[in-house]
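Chemist: Have a look at the structure that comes next, please.
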Amino acid sequence: MSEDIELFKQAREAASVAYVPYSHFPVGAALIAKNGLVFQGCNIENASFGLTNCAERTAIFKAVSSGVSEFDMIGIYGETDEPISPCGACRQVLTEFCSDDMPVWLFSKSGDVKKTTVGELLPYHFKKIT
Ligand SMILES: O=c1ccn([C@H]2C[C@H](O)[C@@H](CO)O2)c(=O)[nH]1
Ligand SMILES: [Zn+2]
C-alpha cells in the first residue's frame with residue numbers, strides 16, 4: 001500500500017474518536033515519528049469553545065508528552081470536499097517540532113490529496129529565541 005493511502009487511513013481512523021458535540025466536524029491527524037511510531041490525534045472541543053484542541057496539536061502533544069519529538073510526516077483528514085488545511089495555531093506548533101521541509105499530507109473525505117510542507121504552510125515563522 002502506498003504511504004499516502006496508509007496515512008489517509010490512519011488520519012481518518014483518528015477522526016473517528018473526535019469529540020465534536022458543538023461543530024460536528026471531526027478531524028483526524030496521524031503523525032509519523034522518526035522512530036516509526038504513529039501518533040494519532042483528534043479534535044477535542046469544549047463548552048467554552050476557545051479551549052478546543054485541534055487534531056494536529058493533539059497528535060503533537062501526545063507524541064511530545066510520550067518523549068518523542070522527531071517527526072517524518074503528518075497526515076490530516078477532514079470531512080471536507082477539498083483537502084483540509086490546518087489552522088494558524090497548529091501551523092505554529094508544527095514549526096516548533098518539525099523541519100520546514102517535512103511533508104504535510106492533507107486529505108478530504110473522498111481521499112483527495114494535497115501534499116505540502118511545514119515551511120510552505122507557515123513561511124517566515126517565529127522561531128525559538130536562542
Ligand atoms: O485543521 C483543523 C481545522 C479545524 N479543526 C477543528 C477545530 C474544531 O473542533 C472544528 C471546527 O473548526 O475543527 C481541527 O481539528 N483541525
Ligand atoms: Zn488547529
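Residues are referred to by chain and number: the chain letter is A, B, ... according to the order shown in the C-alpha cells, the number counts from 1 in that chain, and ligands are numbered separately from 1 in the order shown.
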Can you list every residue in chain A that DSSP puts in strand (DSSP E), as number ranges by chain?
Modeler: A: 27-33, 38-42, 71-78, 103-107, 113-117
Chemist: How would the residues just picked look written out with N, CA and C atoms as a tab-separated table (two decimals), in the first residue's frame?
Modeler:
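Saved to out_30.tsv:
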chain	number	residue	atom	x	y	z
A	27	VAL	N	-12.06	15.87	12.88
A	27	VAL	CA	-10.76	15.98	12.19
A	27	VAL	C	-9.83	14.95	12.82
A	28	GLY	N	-8.98	14.36	11.99
A	28	GLY	CA	-8.00	13.40	12.50
A	28	GLY	C	-6.62	13.72	11.97
A	29	ALA	N	-5.62	13.40	12.76
A	29	ALA	CA	-4.23	13.59	12.33
A	29	ALA	C	-3.45	12.33	12.66
A	30	ALA	N	-2.54	11.98	11.76
A	30	ALA	CA	-1.62	10.86	12.00
A	30	ALA	C	-0.21	11.40	11.82
A	31	LEU	N	0.53	11.40	12.91
A	31	LEU	CA	1.88	11.97	12.94
A	31	LEU	C	2.87	10.80	13.00
A	32	ILE	N	3.72	10.73	11.99
A	32	ILE	CA	4.68	9.62	11.92
A	32	ILE	C	6.01	10.09	12.49
A	33	ALA	N	6.43	9.43	13.56
A	33	ALA	CA	7.70	9.79	14.19
A	33	ALA	C	8.87	9.12	13.47
A	38	VAL	N	3.45	5.83	15.36
A	38	VAL	CA	2.40	6.69	14.81
A	38	VAL	C	1.61	7.27	15.96
A	39	PHE	N	1.46	8.59	15.96
A	39	PHE	CA	0.66	9.26	16.99
A	39	PHE	C	-0.58	9.83	16.31
A	40	GLN	N	-1.73	9.33	16.72
A	40	GLN	CA	-2.99	9.80	16.15
A	40	GLN	C	-3.60	10.84	17.08
A	41	GLY	N	-4.22	11.83	16.48
A	41	GLY	CA	-4.88	12.87	17.28
A	41	GLY	C	-6.21	13.24	16.67
A	42	CYS	N	-7.14	13.63	17.52
A	42	CYS	CA	-8.45	14.10	17.05
A	42	CYS	C	-8.71	15.47	17.67
A	71	PHE	N	9.97	13.99	13.91
A	71	PHE	CA	8.89	13.51	13.05
A	71	PHE	C	9.28	13.51	11.57
A	72	ASP	N	8.65	12.57	10.83
A	72	ASP	CA	8.91	12.44	9.39
A	72	ASP	C	7.80	13.04	8.54
A	73	MET	N	6.56	12.92	9.01
A	73	MET	CA	5.43	13.46	8.22
A	73	MET	C	4.18	13.48	9.08
A	74	ILE	N	3.19	14.23	8.57
A	74	ILE	CA	1.88	14.24	9.22
A	74	ILE	C	0.81	14.18	8.13
A	75	GLY	N	-0.25	13.45	8.44
A	75	GLY	CA	-1.43	13.42	7.57
A	75	GLY	C	-2.61	13.98	8.33
A	76	ILE	N	-3.42	14.78	7.66
A	76	ILE	CA	-4.56	15.43	8.32
A	76	ILE	C	-5.80	15.15	7.48
A	77	TYR	N	-6.83	14.65	8.16
A	77	TYR	CA	-8.07	14.26	7.48
A	77	TYR	C	-9.24	15.10	7.99
A	78	GLY	N	-10.01	15.65	7.08
A	78	GLY	CA	-11.22	16.37	7.46
A	78	GLY	C	-12.38	15.92	6.60
A	103	PRO	N	7.10	16.80	5.06
A	103	PRO	CA	5.85	16.70	4.29
A	103	PRO	C	4.61	16.73	5.17
A	104	VAL	N	3.59	17.45	4.68
A	104	VAL	CA	2.27	17.51	5.31
A	104	VAL	C	1.27	17.08	4.25
A	105	TRP	N	0.57	15.99	4.53
A	105	TRP	CA	-0.42	15.46	3.59
A	105	TRP	C	-1.80	15.88	4.07
A	106	LEU	N	-2.57	16.48	3.19
A	106	LEU	CA	-3.90	16.97	3.54
A	106	LEU	C	-4.93	16.15	2.76
A	107	PHE	N	-5.93	15.62	3.48
A	107	PHE	CA	-6.90	14.72	2.86
A	107	PHE	C	-8.33	15.24	3.02
A	113	VAL	N	-6.03	14.45	-2.27
A	113	VAL	CA	-4.79	14.68	-1.52
A	113	VAL	C	-4.11	15.95	-1.98
A	114	LYS	N	-3.57	16.66	-1.03
A	114	LYS	CA	-2.67	17.77	-1.33
A	114	LYS	C	-1.43	17.54	-0.49
A	115	LYS	N	-0.25	17.62	-1.11
A	115	LYS	CA	0.99	17.43	-0.36
A	115	LYS	C	1.71	18.77	-0.27
A	116	THR	N	2.01	19.18	0.94
A	116	THR	CA	2.71	20.43	1.13
A	116	THR	C	3.79	20.21	2.19
A	117	THR	N	4.35	21.29	2.70
A	117	THR	CA	5.37	21.16	3.74
A	117	THR	C	5.06	22.13	4.88
Chemist: Please identify the residues whose atoms come within 10 Å of ligand 2, using only C-alpha atoms and all ligand atoms, and report them as a list in words.
Modeler: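 What falls inside 10 Å of ligand 2 is Val27, Asn43, Thr52, Asn53, Cys54, Ala55, Glu56, Arg57, Thr58, Ser85, Pro86, Cys87, Gly88, Ala89, Cys90, Arg91, Gln92, Val93 and Leu94 of chain A.
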Chemist: Please compute the atom CA of A:Leu121-atom 15 (O, counted along the ligand's line) of ligand 1 distance, one decimal, in Å.
Modeler: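 Atom 15 (O, counted along the ligand's line) of ligand 1 lies 15.8 Å from atom CA of A:Leu121.
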Chemist: Kindly indicate which residue among A:Phe126, A:Val64, A:Ala59, A:Pro26 lies nearest to A:Thr80, using only C-alpha atoms for the distances.
Modeler: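 The closest residue to A:Thr80 is A:Pro26.
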Chemist: At a cut-off of 9 Å, using only C-alpha atoms, what residues contact A:Val68? Leave out same-chain residues fewer than 4 positions from it and give the result as a list in words.
Modeler: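 Contacts, with the query itself left out: Ala33, Lys34, Asn35, Leu37, Lys62, Ala63 and Val64 of chain A.
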Chemist: Taking N, CA and C atoms for each residue, export the selection above as a PDB file, in the first residue's frame.
Modeler:
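Here's the written file result00.pdb:
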ATOM      1  N   ALA A  33       6.426   9.427  13.556  1.00  0.00           N
ATOM      2  CA  ALA A  33       7.695   9.786  14.193  1.00  0.00           C
ATOM      3  C   ALA A  33       8.865   9.123  13.467  1.00  0.00           C
ATOM      4  N   LYS A  34      10.045   9.714  13.643  1.00  0.00           N
ATOM      5  CA  LYS A  34      11.244   9.154  13.004  1.00  0.00           C
ATOM      6  C   LYS A  34      11.536   7.742  13.500  1.00  0.00           C
ATOM      7  N   ASN A  35      11.097   7.415  14.720  1.00  0.00           N
ATOM      8  CA  ASN A  35      11.317   6.059  15.254  1.00  0.00           C
ATOM      9  C   ASN A  35      10.257   5.063  14.772  1.00  0.00           C
ATOM     10  N   LEU A  37       6.977   5.163  15.239  1.00  0.00           N
ATOM     11  CA  LEU A  37       5.696   5.192  15.946  1.00  0.00           C
ATOM     12  C   LEU A  37       4.730   6.153  15.260  1.00  0.00           C
ATOM     13  N   LYS A  62       0.515  14.523  22.171  1.00  0.00           N
ATOM     14  CA  LYS A  62       0.613  13.114  22.587  1.00  0.00           C
ATOM     15  C   LYS A  62       2.036  12.610  22.403  1.00  0.00           C
ATOM     16  N   ALA A  63       2.609  12.919  21.253  1.00  0.00           N
ATOM     17  CA  ALA A  63       3.964  12.437  20.958  1.00  0.00           C
ATOM     18  C   ALA A  63       4.987  13.041  21.912  1.00  0.00           C
ATOM     19  N   VAL A  64       4.943  14.364  22.023  1.00  0.00           N
ATOM     20  CA  VAL A  64       5.972  15.037  22.838  1.00  0.00           C
ATOM     21  C   VAL A  64       5.857  14.604  24.300  1.00  0.00           C
TER      22      VAL A  64
END
Chemist: Just how far from atom 10 (C, counted along the ligand's line) of ligand 1 is atom CA of A:Ala18, in Å to one decimal?
Modeler: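 Atom-to-atom, atom CA of A:Ala18 to atom 10 (C, counted along the ligand's line) of ligand 1, that is 9.5 Å.
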Chemist: Work out how far atom 14 (C, counted along the ligand's line) of ligand 1 is from atom CA of A:Ala14, in Å to one decimal.
Modeler: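 Pair atom CA of A:Ala14 / atom 14 (C, counted along the ligand's line) of ligand 1 returns 11.7 Å.
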Chemist: Among stretch 12-130 of chain A, which residues does DSSP mark as helix (DSSP H, G or I) when it is run on the backbone? Keep the chain and numbering as in the structure and answer as JSON, numbers by chain.
Modeler: {"A": [12, 13, 14, 15, 49, 50, 51, 55, 56, 57, 58, 59, 60, 61, 62, 63, 64, 88, 89, 90, 91, 92, 93, 94, 95, 96, 97, 118, 119, 120, 121]}
Chemist: How would the residues just chosen look if you wrote them out with N, CA and C atoms as a compact mmCIF listing (two decimals), in the first residue's frame?
Modeler:
# COMPACT_ATOMS: atom_id res chain seq x y z
N ARG A 12 -7.91 9.19 9.06
CA ARG A 12 -9.37 9.02 9.10
C ARG A 12 -9.80 8.25 10.34
N GLU A 13 -9.02 7.24 10.68
CA GLU A 13 -9.33 6.47 11.90
C GLU A 13 -9.26 7.38 13.13
N ALA A 14 -8.27 8.26 13.14
CA ALA A 14 -8.11 9.19 14.28
C ALA A 14 -9.34 10.07 14.42
N ALA A 15 -9.92 10.46 13.30
CA ALA A 15 -11.10 11.34 13.34
C ALA A 15 -12.32 10.63 13.92
N PHE A 49 -15.82 27.34 23.93
CA PHE A 49 -15.35 26.96 22.59
C PHE A 49 -13.86 27.20 22.36
N GLY A 50 -13.35 28.28 22.92
CA GLY A 50 -11.95 28.65 22.67
C GLY A 50 -10.95 27.65 23.23
N LEU A 51 -11.41 26.75 24.06
CA LEU A 51 -10.49 25.76 24.65
C LEU A 51 -10.34 24.52 23.78
N ALA A 55 -6.99 18.52 16.06
CA ALA A 55 -6.43 17.18 15.88
C ALA A 55 -4.90 17.20 15.77
N GLU A 56 -4.40 18.18 15.03
CA GLU A 56 -2.95 18.23 14.78
C GLU A 56 -2.19 18.45 16.09
N ARG A 57 -2.69 19.40 16.89
CA ARG A 57 -1.98 19.66 18.16
C ARG A 57 -2.16 18.51 19.14
N THR A 58 -3.32 17.84 19.10
CA THR A 58 -3.48 16.66 19.96
C THR A 58 -2.41 15.62 19.62
N ALA A 59 -2.19 15.38 18.33
CA ALA A 59 -1.19 14.38 17.92
C ALA A 59 0.21 14.80 18.36
N ILE A 60 0.54 16.06 18.16
CA ILE A 60 1.88 16.52 18.53
C ILE A 60 2.07 16.44 20.04
N PHE A 61 1.06 16.86 20.78
CA PHE A 61 1.20 16.86 22.25
C PHE A 61 1.24 15.44 22.80
N LYS A 62 0.52 14.52 22.17
CA LYS A 62 0.61 13.11 22.59
C LYS A 62 2.04 12.61 22.40
N ALA A 63 2.61 12.92 21.25
CA ALA A 63 3.96 12.44 20.96
C ALA A 63 4.99 13.04 21.91
N VAL A 64 4.94 14.36 22.02
CA VAL A 64 5.97 15.04 22.84
C VAL A 64 5.86 14.60 24.30
N GLY A 88 -3.93 28.35 11.91
CA GLY A 88 -2.68 29.05 12.20
C GLY A 88 -1.99 28.58 13.45
N ALA A 89 -2.78 28.27 14.50
CA ALA A 89 -2.17 27.82 15.76
C ALA A 89 -1.43 26.51 15.54
N CYS A 90 -2.04 25.60 14.81
CA CYS A 90 -1.39 24.30 14.56
C CYS A 90 -0.16 24.46 13.68
N ARG A 91 -0.22 25.38 12.73
CA ARG A 91 0.95 25.62 11.88
C ARG A 91 2.13 26.07 12.74
N GLN A 92 1.88 26.97 13.67
CA GLN A 92 2.96 27.46 14.53
C GLN A 92 3.51 26.32 15.40
N VAL A 93 2.62 25.49 15.93
CA VAL A 93 3.08 24.37 16.78
C VAL A 93 3.89 23.38 15.94
N LEU A 94 3.46 23.13 14.70
CA LEU A 94 4.23 22.24 13.83
C LEU A 94 5.65 22.78 13.63
N THR A 95 5.79 24.09 13.47
CA THR A 95 7.12 24.65 13.20
C THR A 95 8.06 24.46 14.40
N GLU A 96 7.49 24.29 15.57
CA GLU A 96 8.31 24.12 16.77
C GLU A 96 9.06 22.79 16.74
N PHE A 97 8.43 21.77 16.17
CA PHE A 97 8.98 20.42 16.26
C PHE A 97 9.38 19.81 14.92
N VAL A 118 5.70 21.88 6.01
CA VAL A 118 5.53 22.76 7.17
C VAL A 118 5.96 24.19 6.80
N GLY A 119 7.05 24.32 6.08
CA GLY A 119 7.56 25.65 5.71
C GLY A 119 6.65 26.39 4.74
N GLU A 120 6.03 25.64 3.83
CA GLU A 120 5.08 26.28 2.90
C GLU A 120 3.83 26.75 3.63
N LEU A 121 3.44 26.00 4.66
CA LEU A 121 2.21 26.37 5.39
C LEU A 121 2.41 27.61 6.24
Chemist: Return the single residue from A:Asp100, A:Glu70, A:Glu6, A:Glu79 that is closest to ligand 1, with distances computed using only C-alpha atoms and all ligand atoms.
Modeler: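 Closest to ligand 1, using only C-alpha atoms and all ligand atoms: A:Glu79.
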